[in-house]
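Source file: coords-v2.tsv. Holds: TSV, C-alpha atoms.
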```tsv
chain	number	residue	atom	x	y	z
A	56	MET	CA	130.63	67.38	68.84
A	57	ASN	CA	128.77	67.04	72.15
A	58	LYS	CA	125.57	65.04	72.27
A	59	THR	CA	123.26	68.06	72.50
A	60	LEU	CA	124.69	69.59	69.34
A	61	GLU	CA	124.79	66.22	67.59
A	62	ALA	CA	121.10	65.65	68.30
A	63	SER	CA	120.24	69.24	67.28
A	64	PHE	CA	122.16	68.93	64.03
A	65	THR	CA	120.39	65.65	63.28
A	66	PHE	CA	117.07	67.50	63.51
A	67	THR	CA	118.36	70.44	61.46
A	68	GLY	CA	119.71	68.13	58.76
A	69	THR	CA	116.43	66.25	58.52
A	70	ILE	CA	114.42	69.47	58.13
A	71	ILE	CA	116.59	71.41	55.69
A	72	GLY	CA	116.34	70.22	52.12
A	73	ALA	CA	115.33	71.22	48.64
A	74	GLY	CA	111.94	72.40	49.93
A	75	ILE	CA	113.55	75.75	50.76
A	76	LEU	CA	113.96	76.43	47.03
A	77	GLY	CA	110.18	76.63	46.55
A	78	LEU	CA	109.48	78.96	49.48
A	79	PRO	CA	110.26	82.34	47.82
A	80	TYR	CA	107.99	81.64	44.83
A	81	ILE	CA	104.99	80.50	46.82
A	82	ILE	CA	105.38	83.13	49.55
A	83	GLU	CA	105.67	85.96	47.01
A	84	LYS	CA	102.06	85.21	46.01
A	85	SER	CA	100.85	86.41	49.40
A	86	GLY	CA	103.64	88.92	49.91
A	87	PHE	CA	106.62	88.57	52.24
A	88	LEU	CA	104.90	90.02	55.33
A	89	ILE	CA	101.93	87.65	55.03
A	90	GLY	CA	104.34	84.82	54.24
A	91	LEU	CA	106.34	85.66	57.34
A	92	ILE	CA	103.19	85.27	59.43
A	93	ASP	CA	102.60	81.91	57.73
A	94	ILE	CA	106.17	80.78	58.46
A	95	ILE	CA	105.85	81.80	62.11
A	96	LEU	CA	102.43	80.16	62.51
A	97	ILE	CA	103.28	76.89	60.77
A	98	GLY	CA	106.72	76.88	62.31
A	99	PHE	CA	105.29	77.27	65.82
A	100	LEU	CA	102.78	74.45	65.28
A	101	VAL	CA	105.36	72.10	63.76
A	102	LEU	CA	107.73	72.86	66.65
A	103	LEU	CA	104.91	72.13	69.09
A	104	VAL	CA	104.17	68.80	67.37
A	105	SER	CA	107.90	68.01	67.47
A	106	LEU	CA	107.99	68.67	71.21
A	107	MET	CA	104.90	66.47	71.59
A	108	LEU	CA	106.65	63.60	69.82
A	109	GLY	CA	109.71	64.22	71.99
A	110	GLU	CA	107.61	63.82	75.13
A	111	VAL	CA	105.94	60.72	73.68
A	112	SER	CA	109.40	59.20	73.10
A	113	LEU	CA	110.51	60.10	76.61
A	114	ARG	CA	107.38	58.53	78.13
A	115	THR	CA	108.28	55.24	76.39
A	116	LYS	CA	110.91	52.97	77.95
A	117	LYS	CA	112.29	51.30	74.84
A	118	PRO	CA	113.47	53.08	71.68
A	119	HIS	CA	110.82	53.21	68.95
A	120	GLN	CA	110.50	55.10	65.69
A	121	LEU	CA	107.20	56.79	64.82
A	122	PRO	CA	105.56	53.64	63.33
A	123	GLY	CA	106.54	51.67	66.45
A	124	LEU	CA	105.18	54.35	68.76
A	125	THR	CA	101.96	54.45	66.77
A	126	GLU	CA	101.50	50.68	67.03
A	127	LYS	CA	102.29	50.73	70.74
A	128	TYR	CA	99.72	53.38	71.63
A	129	LEU	CA	97.15	53.26	68.83
A	130	GLY	CA	97.36	49.74	67.38
A	131	LYS	CA	98.42	48.02	64.15
A	132	LYS	CA	96.00	49.70	61.73
A	133	PRO	CA	97.16	53.23	62.60
A	134	LYS	CA	100.74	51.96	62.22
A	135	HIS	CA	99.94	50.98	58.62
A	136	LEU	CA	98.43	54.43	58.11
A	137	VAL	CA	101.67	56.03	59.34
A	138	ALA	CA	103.62	53.82	56.92
A	139	PHE	CA	101.32	54.84	54.05
A	140	LEU	CA	101.63	58.54	54.85
A	141	SER	CA	105.40	58.28	55.25
A	142	ILE	CA	105.79	56.49	51.93
A	143	GLY	CA	103.47	59.00	50.26
A	144	SER	CA	105.52	61.93	51.56
A	145	ILE	CA	108.72	60.34	50.23
A	146	TYR	CA	107.13	59.77	46.81
A	147	GLY	CA	106.02	63.41	46.75
A	148	ALA	CA	109.55	64.57	47.51
A	149	LEU	CA	111.09	62.28	44.85
A	150	ILE	CA	108.64	63.51	42.22
A	151	ALA	CA	109.27	67.14	43.19
A	152	TYR	CA	113.05	66.69	43.07
A	153	THR	CA	112.84	65.05	39.64
A	154	GLN	CA	110.69	67.96	38.44
A	155	GLY	CA	112.92	70.62	40.01
A	156	GLY	CA	116.17	68.98	38.91
A	157	GLY	CA	114.82	68.78	35.38
A	158	ASP	CA	113.89	72.47	35.49
A	159	ILE	CA	117.50	73.35	36.28
A	160	ILE	CA	119.06	71.06	33.66
A	161	SER	CA	116.65	72.41	31.03
A	162	LEU	CA	118.43	75.78	31.38
A	163	LEU	CA	121.07	74.22	29.12
A	164	GLY	CA	118.52	74.17	26.31
A	165	ILE	CA	117.62	70.51	26.80
A	166	PRO	CA	113.93	69.52	26.29
A	167	PRO	CA	112.02	69.13	29.61
A	168	ILE	CA	111.43	65.37	29.42
A	169	LEU	CA	115.07	64.65	28.57
A	170	SER	CA	116.32	67.03	31.27
A	171	LYS	CA	114.22	65.22	33.90
A	172	LEU	CA	115.63	61.88	32.73
A	173	LEU	CA	119.15	63.28	32.93
A	174	PHE	CA	118.48	64.10	36.57
A	175	PHE	CA	116.57	60.93	37.39
A	176	ILE	CA	118.69	58.19	35.77
A	177	PRO	CA	122.09	58.74	37.45
A	178	PHE	CA	120.64	59.28	40.93
A	179	ALA	CA	118.25	56.36	40.61
A	180	ALA	CA	121.26	54.25	39.62
A	181	ILE	CA	123.12	55.39	42.73
A	182	THR	CA	120.23	54.30	44.95
A	183	TYR	CA	120.12	50.90	43.19
A	184	PHE	CA	123.79	50.14	43.70
A	185	GLY	CA	123.57	51.12	47.33
A	186	ILE	CA	126.04	53.99	47.40
A	187	LYS	CA	125.15	55.60	50.70
A	188	GLY	CA	127.82	58.25	50.92
A	189	VAL	CA	125.08	60.84	51.20
A	190	GLU	CA	123.73	59.22	54.35
A	191	GLU	CA	127.18	58.59	55.83
A	192	GLY	CA	128.23	62.20	55.21
A	193	GLU	CA	124.99	63.73	56.46
A	194	ASP	CA	126.66	66.22	58.81
A	195	ILE	CA	129.03	67.41	56.09
A	196	PHE	CA	126.26	67.79	53.51
A	197	THR	CA	124.02	69.61	55.98
A	198	SER	CA	126.86	72.03	56.77
A	199	LEU	CA	127.45	72.63	53.06
A	200	ILE	CA	123.75	73.29	52.42
A	201	ILE	CA	123.64	75.80	55.29
A	202	ILE	CA	126.71	77.58	53.87
A	203	PHE	CA	125.18	77.61	50.38
A	204	ILE	CA	121.95	79.12	51.70
A	205	LEU	CA	123.79	81.83	53.61
A	206	VAL	CA	126.03	82.74	50.67
A	207	ILE	CA	123.13	82.94	48.20
A	208	SER	CA	121.02	84.93	50.66
A	209	ILE	CA	123.79	87.43	51.40
A	210	ALA	CA	124.61	87.80	47.69
A	211	SER	CA	120.93	88.44	46.92
A	212	LEU	CA	120.90	91.36	49.35
A	213	PHE	CA	123.12	93.33	46.95
A	214	TYR	CA	120.09	93.49	44.61
A	215	PHE	CA	117.53	94.15	47.33
A	216	ASN	CA	114.61	96.43	46.44
A	217	PRO	CA	112.36	97.39	49.40
A	218	THR	CA	109.29	97.69	47.15
A	219	ASN	CA	109.53	93.96	46.41
A	220	ILE	CA	108.60	93.06	49.99
A	221	ALA	CA	105.77	95.59	50.32
A	222	LYS	CA	103.19	93.42	48.54
A	223	ILE	CA	100.27	92.15	50.66
A	224	GLU	CA	97.67	89.75	49.27
A	225	LEU	CA	95.42	88.62	52.12
A	226	ILE	CA	93.39	86.45	49.75
A	227	ASN	CA	96.47	84.23	49.42
A	228	PHE	CA	97.06	83.94	53.17
A	229	PHE	CA	96.81	80.13	53.19
A	230	THR	CA	98.43	79.50	49.78
A	231	PRO	CA	102.04	79.07	51.03
A	232	MET	CA	101.18	76.77	53.93
A	233	GLY	CA	101.48	73.42	52.13
A	234	VAL	CA	105.00	74.22	50.93
A	235	ILE	CA	105.96	75.58	54.36
A	236	VAL	CA	104.72	72.36	56.00
A	237	PHE	CA	106.84	70.37	53.55
A	238	ALA	CA	109.88	72.54	54.17
A	239	PHE	CA	109.65	72.08	57.96
A	240	ALA	CA	109.08	68.31	57.84
A	241	GLY	CA	111.58	66.56	60.08
A	242	VAL	CA	109.74	64.96	62.99
A	243	PHE	CA	111.03	61.51	62.06
A	244	ALA	CA	114.37	62.58	63.54
A	245	ILE	CA	112.93	63.02	67.06
A	246	PRO	CA	113.11	59.34	68.17
A	247	GLN	CA	116.65	59.17	66.75
A	248	MET	CA	117.54	62.27	68.80
A	249	LYS	CA	116.31	60.51	71.94
A	250	GLU	CA	118.67	57.61	71.16
A	251	ILE	CA	121.60	60.01	70.70
A	252	LEU	CA	120.74	61.55	74.08
A	253	TRP	CA	119.96	58.21	75.76
A	254	TYR	CA	122.06	59.07	78.84
A	255	GLU	CA	121.27	62.79	78.68
A	256	ARG	CA	117.56	62.69	77.90
A	257	LYS	CA	116.84	65.84	79.86
A	258	LYS	CA	118.55	67.72	77.02
A	259	LEU	CA	116.09	66.52	74.34
A	260	LYS	CA	113.83	69.57	74.63
A	261	LYS	CA	116.79	71.93	74.28
A	262	SER	CA	118.05	69.97	71.26
A	263	ILE	CA	114.64	70.13	69.56
A	264	LEU	CA	114.43	73.89	70.10
A	265	LEU	CA	117.97	74.49	68.85
A	266	GLY	CA	117.68	72.10	65.92
A	267	PHE	CA	114.46	73.74	64.76
A	268	SER	CA	115.62	77.34	65.18
A	269	ILE	CA	118.43	76.98	62.62
A	270	PRO	CA	116.21	76.13	59.61
A	271	PHE	CA	113.55	78.58	60.81
A	272	PHE	CA	115.87	81.59	60.65
A	273	LEU	CA	117.58	80.34	57.48
A	274	TYR	CA	114.19	80.06	55.75
A	275	VAL	CA	113.16	83.58	56.75
A	276	PHE	CA	116.50	85.03	55.62
A	277	PHE	CA	116.48	83.14	52.29
A	278	VAL	CA	112.88	84.10	51.48
A	279	PHE	CA	113.48	87.75	52.48
A	280	SER	CA	116.61	87.98	50.32
A	281	CYS	CA	115.16	86.24	47.25
A	282	ILE	CA	111.85	88.13	47.22
A	283	GLY	CA	113.68	91.37	47.98
A	284	ALA	CA	115.91	90.82	44.96
A	285	LEU	CA	113.32	89.42	42.53
A	286	GLY	CA	109.82	90.42	43.60
A	287	GLY	CA	107.26	89.00	41.21
A	288	GLU	CA	110.02	87.63	38.95
A	289	VAL	CA	110.95	84.85	41.38
A	290	SER	CA	110.78	81.37	39.80
A	291	GLU	CA	109.49	78.11	41.28
A	292	VAL	CA	113.08	77.05	41.90
A	293	ALA	CA	114.34	80.36	43.27
A	294	THR	CA	117.95	80.02	42.11
A	295	ILE	CA	116.86	79.80	38.46
A	296	ALA	CA	115.45	83.35	38.49
A	297	LEU	CA	118.46	84.65	40.42
A	298	GLY	CA	120.71	83.30	37.69
A	299	GLU	CA	118.56	84.70	34.89
A	300	HIS	CA	118.49	88.20	36.39
A	301	TYR	CA	121.79	88.64	38.19
A	302	GLY	CA	124.47	86.84	36.27
A	303	ILE	CA	126.91	84.00	36.22
A	304	PHE	CA	127.49	83.67	39.98
A	305	PHE	CA	123.89	82.75	40.64
A	306	SER	CA	123.65	80.75	37.40
A	307	ILE	CA	126.54	78.53	38.42
A	308	PHE	CA	126.77	78.66	42.22
A	309	GLY	CA	123.04	78.98	42.91
A	310	ASN	CA	121.86	76.32	40.50
A	311	LEU	CA	124.64	73.93	41.46
A	312	PHE	CA	123.48	74.31	45.05
A	313	ALA	CA	119.88	73.59	43.97
A	314	LEU	CA	120.98	70.47	42.07
A	315	PHE	CA	123.12	69.40	45.03
A	316	ALA	CA	120.24	69.78	47.50
A	317	MET	CA	117.81	67.89	45.26
A	318	ALA	CA	120.31	65.15	44.41
A	319	THR	CA	121.31	64.46	48.03
A	320	GLY	CA	117.65	64.48	49.06
A	321	PHE	CA	116.71	62.15	46.19
A	322	ILE	CA	119.42	59.62	47.06
A	323	ALA	CA	118.77	59.66	50.81
A	324	LEU	CA	114.98	59.35	50.45
A	325	GLY	CA	115.28	56.83	47.61
A	326	ASN	CA	117.51	54.62	49.75
A	327	ALA	CA	115.14	54.99	52.71
A	328	LEU	CA	112.13	53.95	50.61
A	329	ILE	CA	113.92	50.94	49.11
A	330	GLU	CA	114.86	49.84	52.64
A	331	ILE	CA	111.27	50.21	53.83
A	332	TYR	CA	110.05	47.88	51.08
A	333	ASN	CA	113.00	45.49	51.37
A	334	GLN	CA	113.39	45.30	55.16
A	335	ASP	CA	109.92	46.05	56.52
A	336	TYR	CA	107.80	44.41	53.82
A	337	LYS	CA	110.30	41.68	52.76
A	338	ILE	CA	110.16	42.60	49.07
A	339	SER	CA	113.18	41.68	46.95
A	340	LYS	CA	115.72	44.41	46.29
A	341	ASN	CA	114.93	44.60	42.58
A	342	LEU	CA	111.18	44.90	43.14
A	343	SER	CA	111.78	47.36	45.98
A	344	PHE	CA	113.85	49.50	43.61
A	345	ILE	CA	111.11	49.42	40.96
A	346	ALA	CA	108.42	50.23	43.53
A	347	ALA	CA	110.48	53.15	44.86
A	348	MET	CA	111.64	54.61	41.56
A	349	PHE	CA	108.66	54.16	39.21
A	350	PRO	CA	106.34	56.85	40.72
A	351	PRO	CA	108.94	59.66	40.44
A	352	LEU	CA	108.76	59.15	36.67
A	353	LEU	CA	105.33	60.79	36.88
A	354	ALA	CA	107.30	64.04	36.77
A	355	LEU	CA	107.91	63.30	33.08
A	356	ALA	CA	104.23	63.92	32.41
A	357	GLY	CA	104.55	67.48	33.69
A	358	LEU	CA	101.13	67.36	35.36
A	359	SER	CA	102.23	69.58	38.26
A	360	THR	CA	104.94	72.11	38.95
A	361	PHE	CA	107.67	71.92	41.58
A	362	THR	CA	105.81	73.97	44.21
A	363	GLU	CA	102.46	72.33	43.46
A	364	ILE	CA	104.00	68.93	44.22
A	365	LEU	CA	105.58	70.22	47.44
A	366	SER	CA	102.29	71.81	48.50
A	367	LEU	CA	100.19	68.70	47.84
A	368	THR	CA	102.73	66.47	49.58
A	369	GLY	CA	102.60	68.69	52.65
A	370	ALA	CA	98.80	68.79	52.66
A	371	LEU	CA	98.00	65.16	51.82
A	372	PHE	CA	100.72	63.25	53.65
A	373	ILE	CA	102.68	65.33	56.17
A	374	ILE	CA	99.79	67.16	57.84
A	375	PRO	CA	97.88	63.89	58.58
A	376	LEU	CA	101.06	62.60	60.26
A	377	TYR	CA	101.07	65.68	62.49
A	378	ILE	CA	97.44	65.11	63.42
A	379	LEU	CA	98.26	61.49	64.36
A	380	ILE	CA	101.14	62.68	66.55
A	381	VAL	CA	98.80	65.10	68.35
A	382	TYR	CA	96.40	62.21	68.98
A	383	ILE	CA	99.20	59.94	70.26
A	384	PHE	CA	100.33	62.73	72.59
A	385	TYR	CA	96.78	63.09	73.90
A	386	LYS	CA	96.51	59.33	74.51
A	387	ILE	CA	99.93	58.93	76.11
A	388	LYS	CA	99.07	61.24	78.97
A	389	ARG	CA	97.22	58.22	80.35
A	390	LEU	CA	99.27	55.39	78.81
A	391	GLY	CA	102.89	56.50	79.20
A	392	GLU	CA	105.37	54.03	80.74
A	393	ARG	CA	107.66	56.48	82.56
A	394	LYS	CA	107.87	60.06	83.77
A	395	PRO	CA	109.36	62.18	80.98
A	396	GLU	CA	112.24	64.62	81.40
A	397	TYR	CA	109.95	67.43	80.27
A	398	GLU	CA	106.17	67.87	80.06
A	399	LEU	CA	104.09	70.18	77.91
A	400	LYS	CA	101.29	71.73	79.94
A	401	LEU	CA	98.57	71.99	77.29
A	402	PRO	CA	94.81	72.15	77.91
A	403	ASN	CA	92.72	69.47	76.22
A	404	TRP	CA	90.96	71.98	73.97
A	405	SER	CA	94.32	72.94	72.41
A	406	PHE	CA	94.62	69.46	70.84
A	407	TRP	CA	91.37	70.03	68.98
A	408	VAL	CA	92.42	73.49	67.86
A	409	ILE	CA	95.76	72.23	66.49
A	410	ALA	CA	94.24	69.20	64.77
A	411	LEU	CA	91.33	71.14	63.24
A	412	PHE	CA	93.62	73.92	62.01
A	413	PHE	CA	95.93	71.41	60.32
A	414	LEU	CA	92.91	69.66	58.82
A	415	PHE	CA	91.55	72.95	57.51
A	416	VAL	CA	94.91	73.80	55.93
A	417	ALA	CA	95.18	70.35	54.35
A	418	VAL	CA	91.71	70.59	52.78
A	419	LEU	CA	92.13	74.18	51.62
A	420	VAL	CA	95.61	73.71	50.14
A	421	SER	CA	94.55	70.50	48.38
A	422	TRP	CA	91.52	72.25	46.94
A	423	GLN	CA	93.60	75.17	45.72
A	424	SER	CA	96.19	72.91	44.17
A	425	LEU	CA	93.85	70.44	42.51
A	426	LEU	CA	91.00	72.67	41.38
A	427	ILE	CA	92.15	76.22	40.86
A	428	GLY	CA	95.93	75.88	40.82
A	429	ILE	CA	98.44	77.69	42.92
```
Any chance you could give the structure as structure tokens?
Amino acid sequence: MNKTLEASFTFTGTIIGAGILGLPYIIEKSGFLIGLIDIILIGFLVLLVSLMLGEVSLRTKKPHQLPGLTEKYLGKKPKHLVAFLSIGSIYGALIAYTQGGGDIISLLGIPPILSKLLFFIPFAAITYFGIKGVEEGEDIFTSLIIIFILVISIASLFYFNPTNIAKIELINFFTPMGVIVFAFAGVFAIPQMKEILWYERKKLKKSILLGFSIPFFLYVFFVFSCIGALGGEVSEVATIALGEHYGIFFSIFGNLFALFAMATGFIALGNALIEIYNQDYKISKNLSFIAAMFPPLLALAGLSTFTEILSLTGALFIIPLYILIVYIFYKIKRLGERKPEYELKLPNWSFWVIALFFLFVAVLVSWQSLLIGI
């Protein structure tokens, strides 16, 4: 694989995850056409923020991850804020995956609390014993997930009903945005992409565009197919409803894919969080494991649903990270160490528009989720 494709696939693999499973349910509330506008709008802004971070990385001589870039250009306190937001987003994902994995296992007639434990315990054990096959086989697993998504989407088209995508609920225009933000989260891969392209840095912009376009079109296709097949019957984990309505193929293949996506995401993020505590904060491995794995057990309380957790995680943790990246980009125009291989020509007022829009979405989605429910 050439370096451009390797960097692109790194970005694609970081973005695509179990968040896609919640998109059809939450987008159906506004209707597919409104949801498509949301996907395009949020997708464009996330891509723009990704390109901003790419330019920030290129303007910096030495390799740095997002916390290092934040400390370099904004100081130590903002670096701690980035760490807090990053850890919070990982916790949100782990809780959501425990909730969603339990939802799938409960299809076997197992009580919800026990089904969540049956998902949580084996994959928490894998993270404790340091089995990192998921991380080492990232390209393979990403390829498998893409194939799974395409197969399920194409199979769903056999049950497509045009009336299912005709719904339009303008009042729910902003409702899907938190989940969409979560589903597109992947900016942490940008500095790693720069390292992959260290001797071909002029190709970073192309790699970002290519790496983002793959999940974008997959998401649109998957949402279109699932809503077209299910309409208002779509479930929070989309494959569950497909299995209930359209037989054994979706029950087995679709739900195994959902479990696979959640399990690989749980292990990879669980390992990452343990390493943050152990390596960055010098906490012992056992305490790091407890600190990483205890919060996901909140899923046992059943206080929120799968998509509610995704939405809140996007609004409370991922969107503030995007706003910080916009601010770093604004600052680096004056503080950068080298001429970048590409430059975004954006007027100063656009930074305010992007930041205020993200802030508005974060407040609105959080309010909807916490006070009136999704």
Specify the axis-aligned box that encloses all atoms of stretch 137-151 of chain A listed in the file after padding of 4 Å on each side, stating its centre and edge lengths in Å to one decimal as AutoDock Vina command-line options.
```
--center_x 106.2 --center_y 60.5 --center_z 50.8 --size_x 17.8 --size_y 21.3 --size_z 25.1
```
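The spacing separating atom CA of A:Asn326 from atom CA of A:Ala180 amounts to 10.8 Å.
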**Asked** With all atoms listed in the file as the atoms that count, which of A:Val137, A:Val416, A:Ile245, A:Ile176 lies nearest to A:Leu259?
**Response**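 Smallest distance to A:Leu259 is found for A:Ile245.
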**Request:** Have a look at atom CA of A:Leu162 and atom CA of A:Phe304 and let me know their distance in Å, one decimal.
**Result:**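 So the two atoms, atom CA of A:Leu162 and atom CA of A:Phe304, lie 14.8 Å apart.
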**Prompt:** Could you state the separation of atom CA of A:Thr125 and atom CA of A:Val234 in Å, given to one decimal place?
**Reply:**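 Separation between atom CA of A:Thr125 and atom CA of A:Val234: 25.5 Å.
Residues in contact with stretch 98-108 of chain A at up to 8 Å, not including ones fewer than 5 positions away on its chain and judged by only C-alpha atoms, are A:Asp93, A:Val236, A:Phe239, A:Ala240, A:Val242, A:Ile245, A:Pro246, A:Lys260, A:Ile263, A:Leu264, A:Phe267, A:Phe271, A:Tyr377, A:Ile380, A:Val381, A:Phe384, A:Leu399, A:Ile409.
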**Request:** Could you tell me which of A:Pro375, A:Gly72, A:Gly325, A:Gly241 comes closest to A:Phe139 if we count only C-alpha atoms?
**Result:**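 Closest to A:Phe139, using only C-alpha atoms: A:Pro375.
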**Message:** I'd like the contact shell of stretch 149-158 of chain A - 7 Å cut-off, all atoms listed in the file, skipping same-chain residues fewer than 6 positions apart - returned as number ranges by chain.
**Reply:** A: 167, 170-171, 174-175, 292, 314, 317, 321, 351, 353-354, 361, 364-365
**Message:** Show me, as a PyMOL selection string, the residues that have an atom within 8 Å of stretch 406-408 of chain A when counting only C-alpha atoms, minus same-chain residues fewer than 3 positions from it.
**Reply:** chain A and resi 381-382+385+401-403+411-412
**Complete:** Nearest to A:Ala221, restricted to all atoms listed in the file and choosing among A:Gly147, A:Gly86, A:Gly130, A:Pro177, comes out as A:Gly86
**Item:** Counting all atoms listed in the file, the option among A:Ser306, A:Ser290, A:Ser343, A:Ser144 closest to A:Leu78
**Value:** A:Ser290
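With all atoms listed in the file as the atoms that count, the minimum distance from A:Gly233 to the choices A:Ile307, A:Ile200, A:Leu358, A:Ile97 is reached by A:Ile97.
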**Request:** Tell me, as a PyMOL selection string, which residues lie within 9 Å of A:Phe66, counting all atoms listed in the file; anything in the same chain fewer than 2 positions away does not count.
**Result:** chain A and resi 61-64+68-71+241-245+247-248+262-263+265-267
Mind dumping the selected residues with C-alpha atoms as a PDB file, keeping the file's coordinate frame?
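Contents of result09.pdb, as written:
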```
ATOM      1  CA  GLU A  61     124.790  66.220  67.590  1.00  0.00           C
ATOM      2  CA  ALA A  62     121.100  65.650  68.300  1.00  0.00           C
ATOM      3  CA  SER A  63     120.240  69.240  67.280  1.00  0.00           C
ATOM      4  CA  PHE A  64     122.160  68.930  64.030  1.00  0.00           C
ATOM      5  CA  GLY A  68     119.710  68.130  58.760  1.00  0.00           C
ATOM      6  CA  THR A  69     116.430  66.250  58.520  1.00  0.00           C
ATOM      7  CA  ILE A  70     114.420  69.470  58.130  1.00  0.00           C
ATOM      8  CA  ILE A  71     116.590  71.410  55.690  1.00  0.00           C
ATOM      9  CA  GLY A 241     111.580  66.560  60.080  1.00  0.00           C
ATOM     10  CA  VAL A 242     109.740  64.960  62.990  1.00  0.00           C
ATOM     11  CA  PHE A 243     111.030  61.510  62.060  1.00  0.00           C
ATOM     12  CA  ALA A 244     114.370  62.580  63.540  1.00  0.00           C
ATOM     13  CA  ILE A 245     112.930  63.020  67.060  1.00  0.00           C
ATOM     14  CA  GLN A 247     116.650  59.170  66.750  1.00  0.00           C
ATOM     15  CA  MET A 248     117.540  62.270  68.800  1.00  0.00           C
ATOM     16  CA  SER A 262     118.050  69.970  71.260  1.00  0.00           C
ATOM     17  CA  ILE A 263     114.640  70.130  69.560  1.00  0.00           C
ATOM     18  CA  LEU A 265     117.970  74.490  68.850  1.00  0.00           C
ATOM     19  CA  GLY A 266     117.680  72.100  65.920  1.00  0.00           C
ATOM     20  CA  PHE A 267     114.460  73.740  64.760  1.00  0.00           C
TER      21      PHE A 267
END
```
**Request:** Would you list the contacts of A:Lys84 as a PyMOL selection string, taking every protein, DNA or RNA residue within 10 Å and counting only C-alpha atoms, but skipping same-chain residues closer than 2 positions in sequence?
**Result:** chain A and resi 79-82+86-87+89-90+222-228+230-231+286-287+429
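Considering only C-alpha atoms, the residue among A:Phe413, A:Phe344, A:Phe372, A:Tyr397 positioned nearest to A:Thr182 is A:Phe344.
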